[in-house]
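> What follows is the file final10.pdb, containing PDB, C-alpha atoms:
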```
ATOM      1  CA  MET N   1      10.065  -8.310 -22.167
ATOM      2  CA  ALA N   2      10.407  -9.437 -18.522
ATOM      3  CA  THR N   3       7.717 -11.867 -17.434
ATOM      4  CA  GLY N   4       9.073 -13.049 -14.116
ATOM      5  CA  PHE N   5       6.137 -12.778 -11.765
ATOM      6  CA  MET N   6       2.732 -14.333 -11.191
ATOM      7  CA  THR N   7      -0.213 -12.950  -9.245
ATOM      8  CA  ARG N   8      -3.593 -14.297  -8.237
ATOM      9  CA  SER N   9      -7.021 -12.637  -8.285
ATOM     10  CA  LEU N  10      -9.328 -15.598  -7.871
ATOM     11  CA  SER N  11     -11.890 -14.317  -5.390
ATOM     12  CA  PHE N  12     -13.062 -11.436  -7.565
ATOM     13  CA  LEU N  13     -13.429 -13.468 -10.750
ATOM     14  CA  ARG N  14     -15.339 -16.230  -9.018
ATOM     15  CA  SER N  15     -17.753 -13.636  -7.661
ATOM     16  CA  LEU N  16     -18.326 -12.439 -11.216
ATOM     17  CA  ASN N  17     -18.500 -16.008 -12.468
ATOM     18  CA  GLY N  18     -15.888 -15.654 -14.771
ATOM     19  CA  MET N  19      -1.301  -6.836  -8.386
ATOM     20  CA  ALA N  20      15.903   3.608  -2.773
ATOM     21  CA  ALA N  21      14.244   6.992  -3.005
ATOM     22  CA  ALA N  22      13.205   9.721  -0.594
ATOM     23  CA  GLY N  23      10.424   9.673   1.965
ATOM     24  CA  LEU N  24       9.214  12.388   4.300
ATOM     25  CA  TRP N  25       7.280  12.324   7.528
ATOM     26  CA  LEU N  26       6.135  15.193   9.684
ATOM     27  CA  CYS N  27       5.132  14.066  13.139
ATOM     28  CA  ALA N  28       4.511  15.486  16.574
ATOM     29  CA  ALA N  29       7.603  15.527  18.789
ATOM     30  CA  GLY N  30       7.453  17.592  21.923
ATOM     31  CA  ALA N  31       6.399  21.161  21.263
ATOM     32  CA  GLY N  32       7.411  21.235  17.590
ATOM     33  CA  ALA N  33       7.470  18.975  14.551
ATOM     34  CA  THR N  34      10.365  16.691  13.644
ATOM     35  CA  ASP N  35      11.100  16.596   9.928
ATOM     36  CA  VAL N  36      12.392  13.128   8.960
ATOM     37  CA  SER N  37      13.506  12.324   5.426
ATOM     38  CA  VAL N  38      14.582   8.815   4.419
ATOM     39  CA  VAL N  39      17.160   9.220   1.641
ATOM     40  CA  GLY N  40      18.456   5.655   1.467
ATOM     41  CA  LEU N  41      17.110   2.194   2.222
ATOM     42  CA  PHE N  42      18.925  -1.102   2.696
ATOM     43  CA  PRO N  43      18.103  -4.378   4.492
ATOM     44  CA  GLY N  44      18.506  -3.554   8.179
ATOM     45  CA  LYS N  45      19.639   0.039   7.621
ATOM     46  CA  ALA N  46      18.303   3.409   6.524
ATOM     47  CA  ILE N  47      19.886   6.763   5.799
ATOM     48  CA  VAL N  48      17.858   9.573   7.359
ATOM     49  CA  VAL N  49      18.000  13.356   7.389
ATOM     50  CA  VAL N  50      16.477  14.934  10.494
ATOM     51  CA  ASP N  51      15.403  18.583  10.467
ATOM     52  CA  GLY N  52      17.556  19.317   7.423
ATOM     53  CA  GLY N  53      20.771  18.118   9.072
ATOM     54  CA  LYS N  54      23.489  15.834   7.720
ATOM     55  CA  PRO N  55      22.489  12.351   6.497
ATOM     56  CA  LYS N  56      22.765   9.757   9.266
ATOM     57  CA  THR N  57      22.923   5.999   8.718
ATOM     58  CA  LEU N  58      20.905   4.081  11.295
ATOM     59  CA  ALA N  59      20.842   0.344  11.842
ATOM     60  CA  VAL N  60      17.654  -1.298  13.097
ATOM     61  CA  GLY N  61      17.235  -0.463  16.788
ATOM     62  CA  GLU N  62      19.495   2.607  16.688
ATOM     63  CA  THR N  63      18.346   6.090  17.682
ATOM     64  CA  GLY N  64      19.491   9.156  15.793
ATOM     65  CA  PRO N  65      19.034  12.925  16.123
ATOM     66  CA  ALA N  66      15.881  14.230  17.825
ATOM     67  CA  GLY N  67      15.107  10.737  19.139
ATOM     68  CA  VAL N  68      14.393   9.293  15.688
ATOM     69  CA  ARG N  69      14.588   5.499  16.011
ATOM     70  CA  LEU N  70      14.756   2.939  13.206
ATOM     71  CA  ILE N  71      12.392   0.032  13.926
ATOM     72  CA  SER N  72      12.874  -1.939  10.702
ATOM     73  CA  ALA N  73      14.225  -1.466   7.192
ATOM     74  CA  THR N  74      14.143  -3.300   3.876
ATOM     75  CA  ASN N  75      14.987  -2.290   0.318
ATOM     76  CA  ASP N  76      11.406  -1.001   0.004
ATOM     77  CA  GLN N  77      10.498   0.702   3.260
ATOM     78  CA  ALA N  78      11.582   1.782   6.726
ATOM     79  CA  VAL N  79       9.585   1.990   9.928
ATOM     80  CA  ILE N  80      10.579   5.099  11.886
ATOM     81  CA  GLU N  81       9.589   5.874  15.480
ATOM     82  CA  VAL N  82       9.471   9.391  16.896
ATOM     83  CA  ASP N  83       8.077  10.237  20.331
ATOM     84  CA  GLY N  84       6.542   6.748  20.628
ATOM     85  CA  LYS N  85       4.728   6.996  17.301
ATOM     86  CA  ARG N  86       5.635   4.913  14.258
ATOM     87  CA  ARG N  87       5.349   5.507  10.551
ATOM     88  CA  SER N  88       6.184   3.354   7.541
ATOM     89  CA  LEU N  89       8.060   5.183   4.772
ATOM     90  CA  GLY N  90       8.057   3.430   1.397
ATOM     91  CA  LEU N  91      10.321   3.992  -1.554
ATOM     92  CA  GLY N  92       9.437   7.109  -3.525
ATOM     93  CA  GLN N  93       7.052   8.350  -0.814
ATOM     94  CA  LYS N  94       6.222  12.025  -1.092
ATOM     95  CA  ALA N  95       5.692  14.479   1.735
ATOM     96  CA  ILE N  96       2.979  13.456   4.183
ATOM     97  CA  ALA N  97       1.978  15.409   7.289
ATOM     98  CA  THR N  98       0.393  12.930   9.658
ATOM     99  CA  GLN N  99      -0.114  13.078  13.403
ATOM    100  CA  PHE N 100      -1.317  10.158  15.483
ATOM    101  CA  ALA N 101      -2.997  10.959  18.795
ATOM    102  CA  SER N 102      -1.743   8.855  21.696
ATOM    103  CA  GLY N 103      -0.321   6.226  19.366
ATOM    104  CA  GLU N 104      -3.782   5.563  17.961
ATOM    105  CA  ARG N 105      -3.627   3.631  14.706
ATOM    106  CA  PRO N 106      -5.780   4.508  11.672
ATOM    107  CA  ARG N 107      -8.665   2.103  11.118
ATOM    108  CA  ILE N 108     -11.818   1.650   9.077
ATOM    109  CA  THR N 109     -14.825  -0.629   9.584
ATOM    110  CA  LEU N 110     -16.786  -1.954   6.602
ATOM    111  CA  SER N 111     -20.144  -3.727   6.393
ATOM    112  CA  ALA N 112     -20.710  -6.576   3.949
ATOM    113  CA  ASP N 113     -23.168  -6.090   1.116
ATOM    114  CA  GLY N 114     -25.947  -8.540   0.245
ATOM    115  CA  SER N 115     -23.436 -10.817  -1.498
ATOM    116  CA  GLY N 116     -21.065 -10.843   1.451
ATOM    117  CA  HIS N 117     -18.539  -8.562  -0.255
ATOM    118  CA  TYR N 118     -16.814  -5.616   1.390
ATOM    119  CA  MET N 119     -16.953  -2.531  -0.829
ATOM    120  CA  THR N 120     -15.565   0.910  -0.064
ATOM    121  CA  THR N 121     -14.438   4.101  -1.745
ATOM    122  CA  GLY N 122     -10.916   5.458  -1.589
ATOM    123  CA  SER N 123      -8.251   6.889  -3.838
ATOM    124  CA  ILE N 124      -5.212   5.904  -5.874
ATOM    125  CA  ASN N 125      -2.670   8.598  -6.684
ATOM    126  CA  GLY N 126      -5.195  11.119  -5.361
ATOM    127  CA  ALA N 127      -8.024  10.107  -7.742
ATOM    128  CA  PRO N 128     -11.247   8.487  -6.426
ATOM    129  CA  VAL N 129     -11.825   4.767  -6.972
ATOM    130  CA  ARG N 130     -14.246   2.103  -5.778
ATOM    131  CA  PHE N 131     -12.581  -0.833  -4.025
ATOM    132  CA  LEU N 132     -13.607  -4.437  -3.449
ATOM    133  CA  VAL N 133     -11.668  -6.039  -0.589
ATOM    134  CA  ASP N 134     -10.157  -9.239  -1.993
ATOM    135  CA  THR N 135      -7.757 -11.287   0.152
ATOM    136  CA  GLY N 136      -7.435 -13.695  -2.780
ATOM    137  CA  ALA N 137      -5.688 -11.037  -4.894
ATOM    138  CA  THR N 138      -1.919 -10.861  -4.538
ATOM    139  CA  MET N 139      -1.819  -7.148  -5.343
ATOM    140  CA  ILE N 140      -4.125  -4.219  -5.937
ATOM    141  CA  SER N 141      -5.640  -5.070  -9.327
ATOM    142  CA  ILE N 142      -6.801  -2.375 -11.726
ATOM    143  CA  GLY N 143      -8.699  -2.584 -15.006
ATOM    144  CA  ALA N 144      -7.384  -0.906 -18.150
ATOM    145  CA  SER N 145      -9.860   1.996 -18.219
ATOM    146  CA  ASP N 146      -9.298   2.820 -14.535
ATOM    147  CA  ALA N 147      -5.530   2.751 -15.091
ATOM    148  CA  ARG N 148      -5.864   5.252 -17.935
ATOM    149  CA  ARG N 149      -8.140   7.467 -15.839
ATOM    150  CA  LEU N 150      -5.596   7.375 -13.006
ATOM    151  CA  GLY N 151      -2.808   8.397 -15.383
ATOM    152  CA  ILE N 152      -0.856   5.154 -14.912
ATOM    153  CA  ASP N 153       1.496   4.477 -17.821
ATOM    154  CA  TYR N 154       1.414   0.791 -17.038
ATOM    155  CA  GLN N 155       3.222  -0.404 -20.162
ATOM    156  CA  LYS N 156       6.370   1.069 -18.653
ATOM    157  CA  GLY N 157       5.928  -1.468 -15.862
ATOM    158  CA  ARG N 158       6.970  -5.099 -15.707
ATOM    159  CA  GLN N 159       4.893  -7.562 -17.687
ATOM    160  CA  GLY N 160       3.786 -10.780 -16.040
ATOM    161  CA  TYR N 161       0.805 -13.067 -15.551
ATOM    162  CA  SER N 162      -2.170 -13.361 -13.236
ATOM    163  CA  GLU N 163      -3.882 -16.642 -12.435
ATOM    164  CA  THR N 164      -7.640 -16.131 -12.495
ATOM    165  CA  ALA N 165     -10.736 -18.329 -12.444
ATOM    166  CA  ASN N 166     -10.900 -17.800 -16.212
ATOM    167  CA  GLY N 167      -7.301 -18.823 -16.804
ATOM    168  CA  VAL N 168      -3.937 -17.075 -16.901
ATOM    169  CA  ILE N 169      -3.935 -13.534 -18.314
ATOM    170  CA  SER N 170      -1.252 -10.944 -19.056
ATOM    171  CA  VAL N 171      -0.835  -8.072 -16.592
ATOM    172  CA  TRP N 172       1.587  -5.209 -15.924
ATOM    173  CA  LYS N 173       3.138  -4.669 -12.489
ATOM    174  CA  VAL N 174       3.301  -1.026 -11.376
ATOM    175  CA  LYS N 175       4.078   1.053  -8.292
ATOM    176  CA  LEU N 176       1.142   3.092  -7.010
ATOM    177  CA  GLU N 177       2.337   6.383  -5.576
ATOM    178  CA  SER N 178      -0.409   6.532  -2.954
ATOM    179  CA  VAL N 179      -3.371   4.417  -1.883
ATOM    180  CA  LYS N 180      -5.900   5.664   0.659
ATOM    181  CA  VAL N 181      -8.958   4.057   2.247
ATOM    182  CA  GLY N 182     -10.588   6.163   4.943
ATOM    183  CA  SER N 183      -7.847   7.261   7.354
ATOM    184  CA  ILE N 184      -5.486   4.499   6.185
ATOM    185  CA  ALA N 185      -2.889   5.809   3.739
ATOM    186  CA  MET N 186       0.097   4.033   2.197
ATOM    187  CA  SER N 187       2.739   4.970  -0.337
ATOM    188  CA  ASN N 188       4.489   2.963  -3.039
ATOM    189  CA  VAL N 189       2.088   0.036  -3.070
ATOM    190  CA  ASP N 190       2.473  -2.737  -5.653
ATOM    191  CA  GLY N 191      -0.341  -3.062  -8.159
ATOM    192  CA  VAL N 192      -1.129  -4.834 -11.410
ATOM    193  CA  VAL N 193      -3.039  -3.554 -14.417
ATOM    194  CA  HIS N 194      -5.139  -5.930 -16.520
ATOM    195  CA  ASP N 195      -4.566  -4.234 -19.856
ATOM    196  CA  SER N 196      -7.072  -6.391 -21.736
ATOM    197  CA  THR N 197      -9.781  -6.267 -19.073
ATOM    198  CA  ASP N 198     -12.086  -3.610 -17.674
ATOM    199  CA  MET N 199     -13.421  -4.127 -14.165
ATOM    200  CA  PRO N 200     -16.306  -2.402 -12.358
ATOM    201  CA  PHE N 201     -14.038  -1.704  -9.370
ATOM    202  CA  VAL N 202     -10.460  -2.032  -8.165
ATOM    203  CA  LEU N 203      -9.475  -5.125  -6.199
ATOM    204  CA  LEU N 204      -7.933  -4.140  -2.873
ATOM    205  CA  GLY N 205      -5.445  -7.001  -2.651
ATOM    206  CA  MET N 206      -2.760  -8.192  -0.275
ATOM    207  CA  SER N 207      -0.088  -5.657  -1.257
ATOM    208  CA  PHE N 208      -2.295  -3.270   0.764
ATOM    209  CA  LEU N 209      -4.214  -5.615   3.071
ATOM    210  CA  GLY N 210      -1.065  -7.464   4.112
ATOM    211  CA  ARG N 211       0.072  -4.355   5.973
ATOM    212  CA  LEU N 212      -3.126  -4.229   8.054
ATOM    213  CA  ASP N 213      -4.668  -6.141  10.937
ATOM    214  CA  LEU N 214      -7.990  -7.571   9.710
ATOM    215  CA  ARG N 215     -10.798  -8.588  12.082
ATOM    216  CA  HIS N 216     -14.128 -10.111  11.060
ATOM    217  CA  GLU N 217     -17.112  -9.826  13.379
ATOM    218  CA  GLY N 218     -20.358 -11.071  11.860
ATOM    219  CA  THR N 219     -20.926  -8.994   8.737
ATOM    220  CA  THR N 220     -18.338  -6.327   9.563
ATOM    221  CA  LEU N 221     -14.644  -6.117   8.746
ATOM    222  CA  THR N 222     -12.326  -3.841  10.719
ATOM    223  CA  MET N 223      -9.025  -2.935   9.093
ATOM    224  CA  THR N 224      -6.318  -1.366  11.274
ATOM    225  CA  GLN N 225      -2.984  -0.057  10.049
ATOM    226  CA  ARG N 226      -0.124  -1.800  11.824
ATOM    227  CA  TYR N 227       2.149   1.245  11.917
TER     228      TYR N 227
END
```
Let me see whether you can do it: turn the structure in this file into structure tokens.

Amino acid sequence: MATGFMTRSLSFLRSLNGMAAAGLWLCAAGAGATDVSVVGLFPGKAIVVVDGGKPKTLAVGETGPAGVRLISATNDQAVIEVDGKRRSLGLGQKAIATQFASGERPRITLSADGSGHYMTTGSINGAPVRFLVDTGATMISIGASDARRLGIDYQKGRQGYSETANGVISVWKVKLESVKVGSIAMSNVDGVVHDSTDMPFVLLGMSFLGRLDLRHEGTTLTMTQRY
């Protein structure tokens, strides 16, 4: 069994005293909609299909059919720009129809509770969950019962360990098909499942937060999607 990774989820446990496939984007472009599918991902390059045409390999900075421009690309995701608007397409991302007005980026503002924690509701793989924002967690961290409720077959994932305030525990690394908080939506986000632990909420860790701009002002936290 592979055990080659380590995560951290210290903030949550201290507070209790005790994680190349296809992508599709529909975006506004002139009078109609440009259909962009990412069918291959490599460091610095992506293979795209625009409006059902022939696959086109783009290097970072190149512009393809219908003005589709590749901003960045890794083995996991590409950032595509169309008509001045950008979208991140992760591996295995399913069809999403999203339009950004005037380049406006999705954002959400949270207020701290009496303990200074930022709680919010959202969804994983389309099912509702309650999140605790935790910058001390490497990945989105899910308890065993929530994972079962979400239909995550986590034992098909990669087994590893998580360093917590209560010691090192066994976890399973998984890919979350979709994660949404307010208007912020991401695909193919890394998560870990604590198969021997149930938690009252899901930790919204850095595999999600690391792709946002975070701003604290007093008792409020504003999270803005970068692209």
> For each of N:Val193, N:Met119, N:Ile184, N:Leu209, take the minimum atom-to-atom distance to Arg107 in chain N, counting all atoms listed in the file, then give the residue where this is smallest.
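Ranked by minimum distance to Arg107 in chain N, first place goes to N:Ile184.
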> Counting all atoms listed in the file, what is within 6 Å of range 188-192 of chain N, bar same-chain residues fewer than 5 positions away, as a list in words?
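Within the cut-off, the hits are Met19, Gly90, Met139, Ile140, Ser141, Trp172, Lys173, Val174, Lys175, Leu176, Glu177 and Ser207 of chain N.
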> For the residues selected in the previous step, produce a file with C-alpha atoms as a short mmCIF file (atom, residue, chain, number, x, y, z; two decimals), in the coordinates of the input.

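Produced file result.cif, reproduced below:
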```cif
data_model
loop_
_atom_site.label_atom_id
_atom_site.label_comp_id
_atom_site.auth_asym_id
_atom_site.auth_seq_id
_atom_site.Cartn_x
_atom_site.Cartn_y
_atom_site.Cartn_z
CA MET N 19 -1.30 -6.84 -8.39
CA GLY N 90 8.06 3.43 1.40
CA MET N 139 -1.82 -7.15 -5.34
CA ILE N 140 -4.12 -4.22 -5.94
CA SER N 141 -5.64 -5.07 -9.33
CA TRP N 172 1.59 -5.21 -15.92
CA LYS N 173 3.14 -4.67 -12.49
CA VAL N 174 3.30 -1.03 -11.38
CA LYS N 175 4.08 1.05 -8.29
CA LEU N 176 1.14 3.09 -7.01
CA GLU N 177 2.34 6.38 -5.58
CA SER N 207 -0.09 -5.66 -1.26
#
```
> So the first atom is CA of Ser145 in chain N and the second is CA of Thr197 in chain N; what is the distance between them in Å, to one decimal place?
8.3 Å
> Please write the residues picked by the PyMOL selection byres ((chain N and resi 55) around 12) on this file as number ranges by chain.
N: 22, 36-40, 46-54, 56-58, 64-65
> What gap, in Å, lies between CA of Phe131 in chain N and CA of Arg86 in chain N?
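Spanning CA of Phe131 in chain N to CA of Arg86 in chain N is a straight-line distance of 26.4 Å.
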> Excluding same-chain residues fewer than 4 positions from Gln225 in chain N, what lies within 6 Å of it counting all atoms listed in the file, as a list in words?
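Result of the neighbour search: Arg105, Pro106 and Leu212 of chain N.
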> Please measure the separation of CA of Gly114 in chain N and CA of Gly210 in chain N, giving the value in Å to one decimal.
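Spanning CA of Gly114 in chain N to CA of Gly210 in chain N is a straight-line distance of 25.2 Å.
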> Which residues come within 8 Å of Leu150 in chain N, counting only C-alpha atoms, excluding same-chain residues fewer than 5 positions away, as an MDAnalysis selection string?
chainID N and resid 124:125 127
> Expanded to explicit residues, what is the PyMOL selection byres ((chain N and resi 224) around 12) for this file, as a list in words?
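Taken over the shown coordinates, the PyMOL selection byres ((chain N and resi 224) around 12) returns Glu104, Arg105, Pro106, Arg107, Ile108, Thr109, Leu110, Val181, Gly182, Ser183, Ile184, Ala185, Phe208, Leu209, Gly210, Arg211, Leu212, Asp213, Leu214, Arg215, His216, Leu221, Thr222, Met223, Gln225, Arg226 and Tyr227 of chain N.
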> Give me, as a ChimeraX atom specification, all polymer residues having an atom no more than 7 Å from Thr120 in chain N, counting only C-alpha atoms and skipping those fewer than 2 positions away in the same chain.
/N:118,122,130-132
